[in-house]
>>> print(open('run-v7.cif').read())   # mmCIF, C-alpha atoms
data_input
#
loop_
_atom_site.group_PDB
_atom_site.id
_atom_site.type_symbol
_atom_site.label_atom_id
_atom_site.label_comp_id
_atom_site.auth_asym_id
_atom_site.auth_seq_id
_atom_site.Cartn_x
_atom_site.Cartn_y
_atom_site.Cartn_z
ATOM 1 C CA THR A 239 107.633 53.048 -4.749
ATOM 2 C CA GLY A 240 107.951 49.274 -4.603
ATOM 3 C CA LEU A 241 104.333 48.907 -3.445
ATOM 4 C CA THR A 242 102.344 46.125 -5.113
ATOM 5 C CA ILE A 243 99.603 48.603 -6.085
ATOM 6 C CA ASP A 244 102.102 50.888 -7.867
ATOM 7 C CA THR A 245 102.617 49.848 -11.513
ATOM 8 C CA ARG A 246 104.505 52.960 -12.617
ATOM 9 C CA GLN A 247 107.808 52.535 -14.432
ATOM 10 C CA VAL A 248 110.191 55.467 -14.786
ATOM 11 C CA SER A 249 113.828 55.951 -15.736
ATOM 12 C CA PHE A 250 114.638 57.554 -12.394
ATOM 13 C CA ASN A 251 113.095 57.632 -8.930
ATOM 14 C CA ILE A 252 113.135 59.625 -5.703
ATOM 15 C CA ILE A 253 113.756 57.293 -2.780
ATOM 16 C CA SER A 254 112.802 58.247 0.768
ATOM 17 C CA GLY A 255 114.060 56.705 3.975
ATOM 18 C CA THR A 256 116.772 57.165 6.578
ATOM 19 C CA SER A 257 119.589 56.468 4.104
ATOM 20 C CA MET A 258 118.303 59.216 1.834
ATOM 21 C CA SER A 259 117.359 61.565 4.679
ATOM 22 C CA CYS A 260 120.876 61.566 6.144
ATOM 23 C CA PRO A 261 122.692 63.365 3.280
ATOM 24 C CA HIS A 262 119.836 65.813 2.755
ATOM 25 C CA VAL A 263 119.617 66.760 6.431
ATOM 26 C CA SER A 264 123.418 66.953 6.630
ATOM 27 C CA GLY A 265 123.365 69.428 3.765
ATOM 28 C CA LEU A 266 120.692 71.491 5.502
ATOM 29 C CA ALA A 267 122.788 71.465 8.679
ATOM 30 C CA ALA A 268 125.648 72.950 6.642
ATOM 31 C CA VAL A 269 123.320 75.678 5.364
ATOM 32 C CA ILE A 270 122.283 76.546 8.929
ATOM 33 C CA LYS A 271 125.921 76.512 10.089
ATOM 34 C CA ALA A 272 126.786 78.961 7.299
ATOM 35 C CA ALA A 273 123.969 81.276 8.425
ATOM 36 C CA HIS A 274 124.800 80.861 12.128
ATOM 37 C CA PRO A 275 128.512 79.984 12.438
ATOM 38 C CA ASP A 276 128.426 80.355 16.229
ATOM 39 C CA TRP A 277 125.732 77.668 16.703
ATOM 40 C CA SER A 278 126.717 74.306 18.177
ATOM 41 C CA PRO A 279 125.838 70.985 16.506
ATOM 42 C CA ALA A 280 123.149 70.497 19.168
ATOM 43 C CA ALA A 281 121.611 73.906 18.423
ATOM 44 C CA ILE A 282 121.532 73.128 14.691
ATOM 45 C CA LYS A 283 119.932 69.757 15.318
ATOM 46 C CA SER A 284 117.373 71.364 17.621
ATOM 47 C CA ALA A 285 116.489 73.960 14.982
ATOM 48 C CA LEU A 286 115.896 71.236 12.385
ATOM 49 C CA MET A 287 113.830 69.087 14.759
ATOM 50 C CA THR A 288 111.645 71.687 16.467
ATOM 51 C CA THR A 289 110.603 73.460 13.260
ATOM 52 C CA SER A 290 109.735 70.317 11.299
ATOM 53 C CA TYR A 291 106.172 69.481 10.270
ATOM 54 C CA THR A 292 104.052 66.338 10.638
ATOM 55 C CA VAL A 293 100.961 67.161 8.568
ATOM 56 C CA TYR A 294 100.290 67.931 4.934
ATOM 57 C CA LYS A 295 99.195 71.386 3.814
ATOM 58 C CA ASN A 296 95.582 70.209 4.127
ATOM 59 C CA SER A 297 96.263 69.608 7.848
ATOM 60 C CA LYS A 298 95.929 65.837 7.497
ATOM 61 C CA ALA A 299 98.551 63.612 9.107
ATOM 62 C CA ILE A 300 101.470 62.463 6.946
ATOM 63 C CA LEU A 301 100.852 58.858 5.915
ATOM 64 C CA ASP A 302 103.199 55.932 6.355
ATOM 65 C CA SER A 303 103.966 54.808 2.788
ATOM 66 C CA ALA A 304 104.421 51.191 3.924
ATOM 67 C CA SER A 305 101.056 50.827 5.656
ATOM 68 C CA GLY A 306 99.007 53.714 4.297
ATOM 69 C CA LEU A 307 98.106 54.629 7.897
ATOM 70 C CA PRO A 308 98.778 57.957 9.656
ATOM 71 C CA SER A 309 102.441 58.014 10.696
ATOM 72 C CA THR A 310 103.790 58.597 14.208
ATOM 73 C CA PRO A 311 107.089 59.772 15.729
ATOM 74 C CA PHE A 312 108.208 56.131 15.452
ATOM 75 C CA ASP A 313 108.019 56.653 11.663
ATOM 76 C CA TYR A 314 109.102 60.250 11.056
ATOM 77 C CA GLY A 315 110.985 61.133 14.254
ATOM 78 C CA ALA A 316 110.481 64.861 14.739
ATOM 79 C CA GLY A 317 108.896 65.227 11.280
ATOM 80 C CA HIS A 318 109.775 66.538 7.829
ATOM 81 C CA VAL A 319 112.411 69.268 7.896
ATOM 82 C CA ASP A 320 111.490 72.833 6.990
ATOM 83 C CA PRO A 321 114.793 74.497 5.964
ATOM 84 C CA VAL A 322 113.459 78.065 5.957
ATOM 85 C CA ALA A 323 111.868 77.747 9.402
ATOM 86 C CA ALA A 324 115.017 76.090 10.771
ATOM 87 C CA LEU A 325 117.032 79.228 9.976
ATOM 88 C CA ASP A 326 114.927 81.118 12.514
ATOM 89 C CA PRO A 327 113.687 78.645 15.171
ATOM 90 C CA GLY A 328 113.311 81.232 17.920
ATOM 91 C CA LEU A 329 114.521 78.895 20.671
ATOM 92 C CA VAL A 330 116.898 75.928 20.711
ATOM 93 C CA TYR A 331 117.705 73.066 23.053
ATOM 94 C CA ASP A 332 121.479 73.489 23.225
ATOM 95 C CA ALA A 333 123.967 70.980 24.637
ATOM 96 C CA THR A 334 127.722 70.561 24.960
ATOM 97 C CA ALA A 335 130.041 67.573 24.742
ATOM 98 C CA ASP A 336 130.120 67.544 28.553
ATOM 99 C CA ASP A 337 126.335 67.106 28.613
ATOM 100 C CA TYR A 338 126.680 64.002 26.464
ATOM 101 C CA ILE A 339 129.450 62.642 28.677
ATOM 102 C CA ASP A 340 127.094 63.072 31.653
ATOM 103 C CA PHE A 341 124.535 61.137 29.611
ATOM 104 C CA LEU A 342 127.043 58.289 29.201
ATOM 105 C CA CYS A 343 127.557 58.335 32.968
ATOM 106 C CA ALA A 344 123.781 58.046 33.420
ATOM 107 C CA LEU A 345 123.929 54.964 31.188
ATOM 108 C CA ASN A 346 126.554 53.512 33.573
ATOM 109 C CA TYR A 347 129.405 53.656 31.067
ATOM 110 C CA SER A 348 132.749 52.760 32.603
ATOM 111 C CA SER A 349 135.769 55.081 32.331
ATOM 112 C CA ASP A 350 137.241 52.787 29.674
ATOM 113 C CA LEU A 351 134.065 52.881 27.576
ATOM 114 C CA ILE A 352 133.828 56.661 27.871
ATOM 115 C CA LYS A 353 137.463 57.007 26.773
ATOM 116 C CA HIS A 354 136.852 54.660 23.842
ATOM 117 C CA THR A 355 133.778 56.677 22.823
ATOM 118 C CA THR A 356 135.093 60.216 23.357
ATOM 119 C CA SER A 357 138.878 59.789 22.994
ATOM 120 C CA GLN A 358 139.371 61.544 26.310
ATOM 121 C CA GLY A 359 139.836 60.382 29.856
ATOM 122 C CA PHE A 360 136.883 60.908 32.165
ATOM 123 C CA SER A 361 135.616 59.369 35.383
ATOM 124 C CA CYS A 362 131.988 59.730 36.475
ATOM 125 C CA SER A 363 131.664 61.447 39.841
ATOM 126 C CA SER A 364 130.304 59.308 42.658
ATOM 127 C CA SER A 365 128.870 62.426 44.313
ATOM 128 C CA LYS A 366 126.851 63.545 41.289
ATOM 129 C CA ILE A 367 123.421 62.232 40.331
ATOM 130 C CA TYR A 368 123.240 61.504 36.598
ATOM 131 C CA SER A 369 119.922 61.161 34.804
ATOM 132 C CA VAL A 370 119.196 60.080 31.231
ATOM 133 C CA GLN A 371 115.993 62.122 31.324
ATOM 134 C CA ASN A 372 117.819 65.403 31.730
ATOM 135 C CA LEU A 373 119.943 65.366 28.577
ATOM 136 C CA ASN A 374 118.897 68.647 26.946
ATOM 137 C CA TYR A 375 117.450 66.940 23.867
ATOM 138 C CA PRO A 376 114.568 68.317 21.723
ATOM 139 C CA SER A 377 112.376 65.222 22.188
ATOM 140 C CA PHE A 378 110.997 63.183 25.066
ATOM 141 C CA SER A 379 110.930 59.411 25.500
ATOM 142 C CA VAL A 380 108.703 58.619 28.473
ATOM 143 C CA ALA A 381 108.687 55.080 29.839
ATOM 144 C CA PHE A 382 106.004 54.069 32.356
ATOM 145 C CA GLU A 383 105.810 50.830 34.280
ATOM 146 C CA ALA A 384 103.352 48.393 32.706
ATOM 147 C CA ALA A 385 100.596 46.605 34.580
ATOM 148 C CA SER A 386 101.601 43.133 35.735
ATOM 149 C CA GLY A 387 98.521 41.520 34.210
ATOM 150 C CA ASN A 388 96.884 40.366 37.435
ATOM 151 C CA GLY A 389 94.723 43.475 37.574
ATOM 152 C CA LYS A 390 95.945 44.506 41.004
ATOM 153 C CA ASP A 391 98.143 47.371 39.825
ATOM 154 C CA SER A 392 96.182 48.578 36.798
ATOM 155 C CA HIS A 393 95.452 51.865 38.590
ATOM 156 C CA GLU A 394 98.934 52.412 39.972
ATOM 157 C CA VAL A 395 100.075 55.936 39.136
ATOM 158 C CA SER A 396 103.630 56.819 38.142
ATOM 159 C CA THR A 397 105.214 60.171 37.305
ATOM 160 C CA VAL A 398 108.250 60.867 35.139
ATOM 161 C CA ARG A 399 109.871 64.322 35.290
ATOM 162 C CA TYR A 400 112.187 65.994 32.810
ATOM 163 C CA THR A 401 114.141 69.237 33.023
ATOM 164 C CA ARG A 402 115.036 71.145 29.873
ATOM 165 C CA THR A 403 116.767 74.452 29.103
ATOM 166 C CA LEU A 404 115.850 76.659 26.146
ATOM 167 C CA THR A 405 118.208 79.222 24.626
ATOM 168 C CA ASN A 406 116.853 82.268 22.835
ATOM 169 C CA VAL A 407 118.373 82.706 19.368
ATOM 170 C CA GLY A 408 115.802 85.233 18.153
ATOM 171 C CA THR A 409 114.362 88.568 19.164
ATOM 172 C CA PRO A 410 113.063 89.231 22.705
ATOM 173 C CA SER A 411 109.728 87.528 23.162
ATOM 174 C CA MET A 412 107.275 85.823 25.516
ATOM 175 C CA TYR A 413 106.686 82.135 24.823
ATOM 176 C CA LYS A 414 103.705 80.135 26.034
ATOM 177 C CA PHE A 415 103.293 76.396 26.282
ATOM 178 C CA SER A 416 100.779 74.111 24.584
ATOM 179 C CA VAL A 417 100.390 70.354 24.235
ATOM 180 C CA SER A 418 98.586 68.075 21.789
ATOM 181 C CA SER A 419 98.237 64.433 22.759
ATOM 182 C CA GLN A 420 96.742 61.288 21.288
ATOM 183 C CA THR A 421 95.729 60.057 24.721
ATOM 184 C CA ASP A 422 93.971 61.374 27.811
ATOM 185 C CA ALA A 423 95.685 58.681 29.875
ATOM 186 C CA VAL A 424 98.747 60.853 30.458
ATOM 187 C CA LYS A 425 98.539 64.081 32.448
ATOM 188 C CA ILE A 426 101.148 66.631 31.393
ATOM 189 C CA ILE A 427 102.143 69.543 33.642
ATOM 190 C CA VAL A 428 104.771 72.123 32.670
ATOM 191 C CA GLU A 429 106.288 74.616 35.090
ATOM 192 C CA PRO A 430 106.432 77.459 34.334
ATOM 193 C CA GLU A 431 103.811 77.654 31.573
ATOM 194 C CA SER A 432 105.391 80.740 30.008
ATOM 195 C CA LEU A 433 108.963 81.910 29.440
ATOM 196 C CA SER A 434 110.075 85.486 28.786
ATOM 197 C CA PHE A 435 113.320 86.198 26.918
ATOM 198 C CA SER A 436 114.824 89.684 26.722
ATOM 199 C CA ALA A 437 118.185 88.994 25.046
ATOM 200 C CA VAL A 438 119.903 86.720 22.543
ATOM 201 C CA ASN A 439 121.508 83.617 24.132
ATOM 202 C CA GLU A 440 119.434 84.065 27.292
ATOM 203 C CA LYS A 441 118.584 80.698 28.826
ATOM 204 C CA LYS A 442 115.438 79.614 30.678
ATOM 205 C CA THR A 443 114.735 76.237 32.295
ATOM 206 C CA PHE A 444 111.425 74.416 32.623
ATOM 207 C CA THR A 445 110.248 71.136 34.099
ATOM 208 C CA VAL A 446 107.637 68.839 32.580
ATOM 209 C CA ALA A 447 105.936 66.061 34.533
ATOM 210 C CA PHE A 448 104.158 63.138 32.841
ATOM 211 C CA THR A 449 101.734 61.182 35.040
ATOM 212 C CA ALA A 450 99.851 58.045 33.996
ATOM 213 C CA ASN A 451 98.258 54.864 35.287
ATOM 214 C CA SER A 452 99.748 51.474 34.504
ATOM 215 C CA MET A 453 98.801 50.050 31.117
ATOM 216 C CA PRO A 454 99.386 46.673 29.424
ATOM 217 C CA SER A 455 102.995 46.105 28.403
ATOM 218 C CA GLY A 456 103.724 47.242 24.851
ATOM 219 C CA THR A 457 101.186 50.078 24.886
ATOM 220 C CA ASN A 458 102.392 53.181 23.029
ATOM 221 C CA SER A 459 101.040 56.662 22.495
ATOM 222 C CA PHE A 460 102.332 60.043 21.369
ATOM 223 C CA ALA A 461 102.126 63.764 21.999
ATOM 224 C CA HIS A 462 103.754 67.023 20.954
ATOM 225 C CA LEU A 463 104.915 69.806 23.279
ATOM 226 C CA THR A 464 105.166 73.301 21.816
ATOM 227 C CA TRP A 465 106.577 76.626 22.989
ATOM 228 C CA TYR A 466 105.155 79.408 20.824
ATOM 229 C CA ASP A 467 105.098 83.166 20.379
ATOM 230 C CA LEU A 468 103.538 85.288 17.642
ATOM 231 C CA LYS A 469 106.108 84.067 15.082
ATOM 232 C CA HIS A 470 107.681 80.773 16.198
ATOM 233 C CA ARG A 471 106.545 77.289 17.140
ATOM 234 C CA VAL A 472 109.188 75.206 18.926
ATOM 235 C CA THR A 473 107.754 71.680 18.916
ATOM 236 C CA SER A 474 109.076 68.483 20.493
ATOM 237 C CA PRO A 475 107.734 64.966 19.852
ATOM 238 C CA VAL A 476 106.884 62.801 22.859
ATOM 239 C CA ALA A 477 106.647 59.017 22.853
ATOM 240 C CA PHE A 478 104.913 57.223 25.731
ATOM 241 C CA THR A 479 105.716 53.552 26.269
ATOM 242 C CA TRP A 480 104.535 51.162 28.979
ATOM 243 C CA THR A 481 107.162 48.471 29.626
#
>>> encode(input="run-v7.cif", output="structure tokens")
Amino acid sequence: TGLTIDTRQVSFNIISGTSMSCPHVSGLAAVIKAAHPDWSPAAIKSALMTTSYTVYKNSKAILDSASGLPSTPFDYGAGHVDPVAALDPGLVYDATADDYIDFLCALNYSSDLIKHTTSQGFSCSSSKIYSVQNLNYPSFSVAFEAASGNGKDSHEVSTVRYTRTLTNVGTPSMYKFSVSSQTDAVKIIVEPESLSFSAVNEKKTFTVAFTANSMPSGTNSFAHLTWYDLKHRVTSPVAFTWT
């Protein structure tokens, strides 16, 4: 492993990390594409992310091999992939190329930069409101304003809202919402709290609001949002950061 406490010597080794994860996950994406040839790249990515796991079979948190401490979404992202579960995720967060172009507009990309990135001409509309929060991505990065340090705004409340759309890729079902969070400092409200799907490819939209007081700059915490029915668990990691 390269750790100072590990004195093992073997003729071969299994290396973990992003460089090793990339080809494995790419291969799994090909397996899912073969099983579901009509799925978009975004749907395949969503299936891999939302069905991944973050605990061992004994229900204890996966450890960070570098520190030996429980890992977080900053270490594992959405988690360890579960190929079998990813073949039947129940719901997916789908997106098109146009959604990503809108995301570039929200990042204030110029027409030249968008053309360089996408190889197509596009001009952001001055009459449309673009938002980075509303890219239909299977995870949430929530940035709150940090306290200034003088103590005057330590109780200032801010709210960040996200809108997401789920597409049913399974059988008709009713999904309910649940949340697990490391902190009580963030209030999480989802509307609606349940979604009913009656057909394949049916889409339903929900809004989630994160509300928190100001905290010292550099403070981080995490949560997981899950839509579940009797068979599926569609889980998204959430990272809270005060900056």
>>> resolve_selection(input="run-v7.cif", expression="the PyMOL selection byres ((chain A and resi 461) around 7)", output="PyMOL selection string")
chain A and resi 418-420+460+462-463+475-477
>>> write_last_selection(input="run-v7.cif", atoms="C-alpha atoms", output="mmCIF file, keeping the file's coordinate frame")
data_model
loop_
_atom_site.group_PDB
_atom_site.id
_atom_site.type_symbol
_atom_site.label_atom_id
_atom_site.label_comp_id
_atom_site.auth_asym_id
_atom_site.auth_seq_id
_atom_site.Cartn_x
_atom_site.Cartn_y
_atom_site.Cartn_z
ATOM 1 C CA SER A 418 98.586 68.075 21.789
ATOM 2 C CA SER A 419 98.237 64.433 22.759
ATOM 3 C CA GLN A 420 96.742 61.288 21.288
ATOM 4 C CA PHE A 460 102.332 60.043 21.369
ATOM 5 C CA HIS A 462 103.754 67.023 20.954
ATOM 6 C CA LEU A 463 104.915 69.806 23.279
ATOM 7 C CA PRO A 475 107.734 64.966 19.852
ATOM 8 C CA VAL A 476 106.884 62.801 22.859
ATOM 9 C CA ALA A 477 106.647 59.017 22.853
#
>>> resolve_selection(input="run-v7.cif", expression="the PyMOL selection byres ((chain A and resi 467) around 9)", output="list in words")
Gly328, Ser411, Met412, Tyr413, Lys414, Trp465, Tyr466, Leu468, Lys469, His470 and Arg471 of chain A
>>> atom_distance(input="run-v7.cif", atom1="CA of Asp337 (chain A)", atom2="CA of Gly255 (chain A)")
29.4 Å
>>> closest_residue(input="run-v7.cif", among="A:Ile426, A:Ile282, A:Val248, A:Val330", to="Asn374 (chain A)", atoms="all atoms listed in the file")
A:Val330
>>> atom_distance(input="run-v7.cif", atom1="CA of Leu329 (chain A)", atom2="CA of Val407 (chain A)")
5.6 Å
>>> axis_aligned_box(input="run-v7.cif", around="region 349-358 of chain A", padding_each_side="3 Å", output="JSON")
{"center_x": 136.6, "center_y": 57.2, "center_z": 27.6, "size_x": 11.6, "size_y": 14.8, "size_z": 15.5}
>>> resolve_selection(input="run-v7.cif", expression="the PyMOL selection byres ((chain A and resi 429-435) around 8)", output="CSV table (one decimal) with C-alpha atoms, in the frame of the given file")
chain,number,residue,atom,x,y,z
A,406,ASN,CA,116.9,82.3,22.8
A,410,PRO,CA,113.1,89.2,22.7
A,411,SER,CA,109.7,87.5,23.2
A,412,MET,CA,107.3,85.8,25.5
A,413,TYR,CA,106.7,82.1,24.8
A,414,LYS,CA,103.7,80.1,26.0
A,415,PHE,CA,103.3,76.4,26.3
A,427,ILE,CA,102.1,69.5,33.6
A,428,VAL,CA,104.8,72.1,32.7
A,436,SER,CA,114.8,89.7,26.7
A,437,ALA,CA,118.2,89.0,25.0
A,438,VAL,CA,119.9,86.7,22.5
A,440,GLU,CA,119.4,84.1,27.3
A,441,LYS,CA,118.6,80.7,28.8
A,442,LYS,CA,115.4,79.6,30.7
A,444,PHE,CA,111.4,74.4,32.6
A,445,THR,CA,110.2,71.1,34.1
A,446,VAL,CA,107.6,68.8,32.6
>>> residues_near_point(input="run-v7.cif", point="(111.5, 48.0, 31.3)", cutoff="12 Å", atoms="only C-alpha atoms", output="ChimeraX atom specification")
/A:380-386,455-456,479-481
>>> write_last_selection(input="run-v7.cif", atoms="C-alpha atoms", output="short mmCIF file (atom, residue, chain, number, x, y, z; two decimals), keeping the file's coordinate frame")
data_model
loop_
_atom_site.label_atom_id
_atom_site.label_comp_id
_atom_site.auth_asym_id
_atom_site.auth_seq_id
_atom_site.Cartn_x
_atom_site.Cartn_y
_atom_site.Cartn_z
CA VAL A 380 108.70 58.62 28.47
CA ALA A 381 108.69 55.08 29.84
CA PHE A 382 106.00 54.07 32.36
CA GLU A 383 105.81 50.83 34.28
CA ALA A 384 103.35 48.39 32.71
CA ALA A 385 100.60 46.60 34.58
CA SER A 386 101.60 43.13 35.74
CA SER A 455 103.00 46.10 28.40
CA GLY A 456 103.72 47.24 24.85
CA THR A 479 105.72 53.55 26.27
CA TRP A 480 104.54 51.16 28.98
CA THR A 481 107.16 48.47 29.63
#
>>> atom_distance(input="run-v7.cif", atom1="CA of Phe378 (chain A)", atom2="CA of Pro279 (chain A)")
18.8 Å
>>> residues_around(input="run-v7.cif", residues="Leu286 (chain A)", least_positions_apart="4", cutoff="12 Å", atoms="all atoms listed in the file", output="number ranges by chain")
A: 262-271, 279-282, 290-291, 315-331, 376, 472-474
>>> closest_residue(input="run-v7.cif", among="A:Asn439, A:Ser396, A:Cys362, A:Tyr347", to="Gly408 (chain A)", atoms="only C-alpha atoms")
A:Asn439
>>> decode(input="run-v7.cif", residues="region 322-332 of chain A", atoms="all heavy atoms", output="compact mmCIF listing (two decimals), in the first residue's frame")
# COMPACT_ATOMS: atom_id res chain seq x y z
N VAL A 322 -24.05 -4.23 -10.27
CA VAL A 322 -25.35 -4.89 -10.39
C VAL A 322 -26.47 -3.90 -10.09
O VAL A 322 -27.47 -3.82 -10.83
CB VAL A 322 -25.42 -6.11 -9.45
CG1 VAL A 322 -26.82 -6.73 -9.49
CG2 VAL A 322 -24.38 -7.15 -9.85
N ALA A 323 -26.32 -3.12 -9.04
CA ALA A 323 -27.35 -2.14 -8.69
C ALA A 323 -27.48 -1.07 -9.76
O ALA A 323 -28.58 -0.57 -10.04
CB ALA A 323 -27.03 -1.50 -7.34
N ALA A 324 -26.35 -0.71 -10.39
CA ALA A 324 -26.38 0.34 -11.42
C ALA A 324 -27.16 -0.07 -12.66
O ALA A 324 -27.62 0.79 -13.42
CB ALA A 324 -24.95 0.72 -11.80
N LEU A 325 -27.32 -1.37 -12.89
CA LEU A 325 -28.11 -1.83 -14.03
C LEU A 325 -29.60 -1.57 -13.83
O LEU A 325 -30.35 -1.52 -14.80
CB LEU A 325 -27.87 -3.33 -14.26
CG LEU A 325 -26.50 -3.70 -14.82
CD1 LEU A 325 -26.31 -5.22 -14.75
CD2 LEU A 325 -26.35 -3.21 -16.25
N ASP A 326 -30.01 -1.40 -12.59
CA ASP A 326 -31.42 -1.14 -12.28
C ASP A 326 -31.51 -0.08 -11.19
O ASP A 326 -31.83 -0.36 -10.04
CB ASP A 326 -32.11 -2.44 -11.82
CG ASP A 326 -33.57 -2.23 -11.47
OD1 ASP A 326 -34.18 -1.26 -11.97
OD2 ASP A 326 -34.11 -3.04 -10.69
N PRO A 327 -31.23 1.19 -11.53
CA PRO A 327 -31.19 2.25 -10.51
C PRO A 327 -32.56 2.77 -10.11
O PRO A 327 -32.67 3.49 -9.12
CB PRO A 327 -30.38 3.35 -11.21
CG PRO A 327 -30.72 3.17 -12.66
CD PRO A 327 -30.85 1.68 -12.85
N GLY A 328 -33.58 2.44 -10.89
CA GLY A 328 -34.92 2.94 -10.59
C GLY A 328 -35.18 4.31 -11.19
O GLY A 328 -36.06 4.49 -12.04
N LEU A 329 -34.39 5.30 -10.75
CA LEU A 329 -34.51 6.67 -11.25
C LEU A 329 -33.13 7.17 -11.66
O LEU A 329 -32.12 6.75 -11.09
CB LEU A 329 -35.08 7.60 -10.17
CG LEU A 329 -36.42 7.23 -9.53
CD1 LEU A 329 -36.73 8.19 -8.39
CD2 LEU A 329 -37.54 7.25 -10.56
N VAL A 330 -33.09 8.10 -12.61
CA VAL A 330 -31.82 8.72 -12.99
C VAL A 330 -32.00 10.23 -13.12
O VAL A 330 -33.09 10.73 -13.39
CB VAL A 330 -31.28 8.17 -14.34
CG1 VAL A 330 -30.91 6.71 -14.20
CG2 VAL A 330 -32.27 8.39 -15.47
N TYR A 331 -30.89 10.93 -12.89
CA TYR A 331 -30.81 12.36 -13.16
C TYR A 331 -30.25 12.51 -14.58
O TYR A 331 -29.05 12.43 -14.79
CB TYR A 331 -29.89 13.05 -12.16
CG TYR A 331 -30.39 13.08 -10.73
CD1 TYR A 331 -30.20 12.00 -9.88
CD2 TYR A 331 -31.05 14.20 -10.24
CE1 TYR A 331 -30.65 12.02 -8.57
CE2 TYR A 331 -31.51 14.24 -8.93
CZ TYR A 331 -31.31 13.15 -8.09
OH TYR A 331 -31.76 13.18 -6.80
N ASP A 332 -31.13 12.71 -15.55
CA ASP A 332 -30.69 12.77 -16.94
C ASP A 332 -30.35 14.21 -17.32
O ASP A 332 -30.82 15.17 -16.70
CB ASP A 332 -31.79 12.23 -17.86
CG ASP A 332 -31.23 11.71 -19.18
OD1 ASP A 332 -30.00 11.80 -19.37
OD2 ASP A 332 -32.02 11.22 -20.00
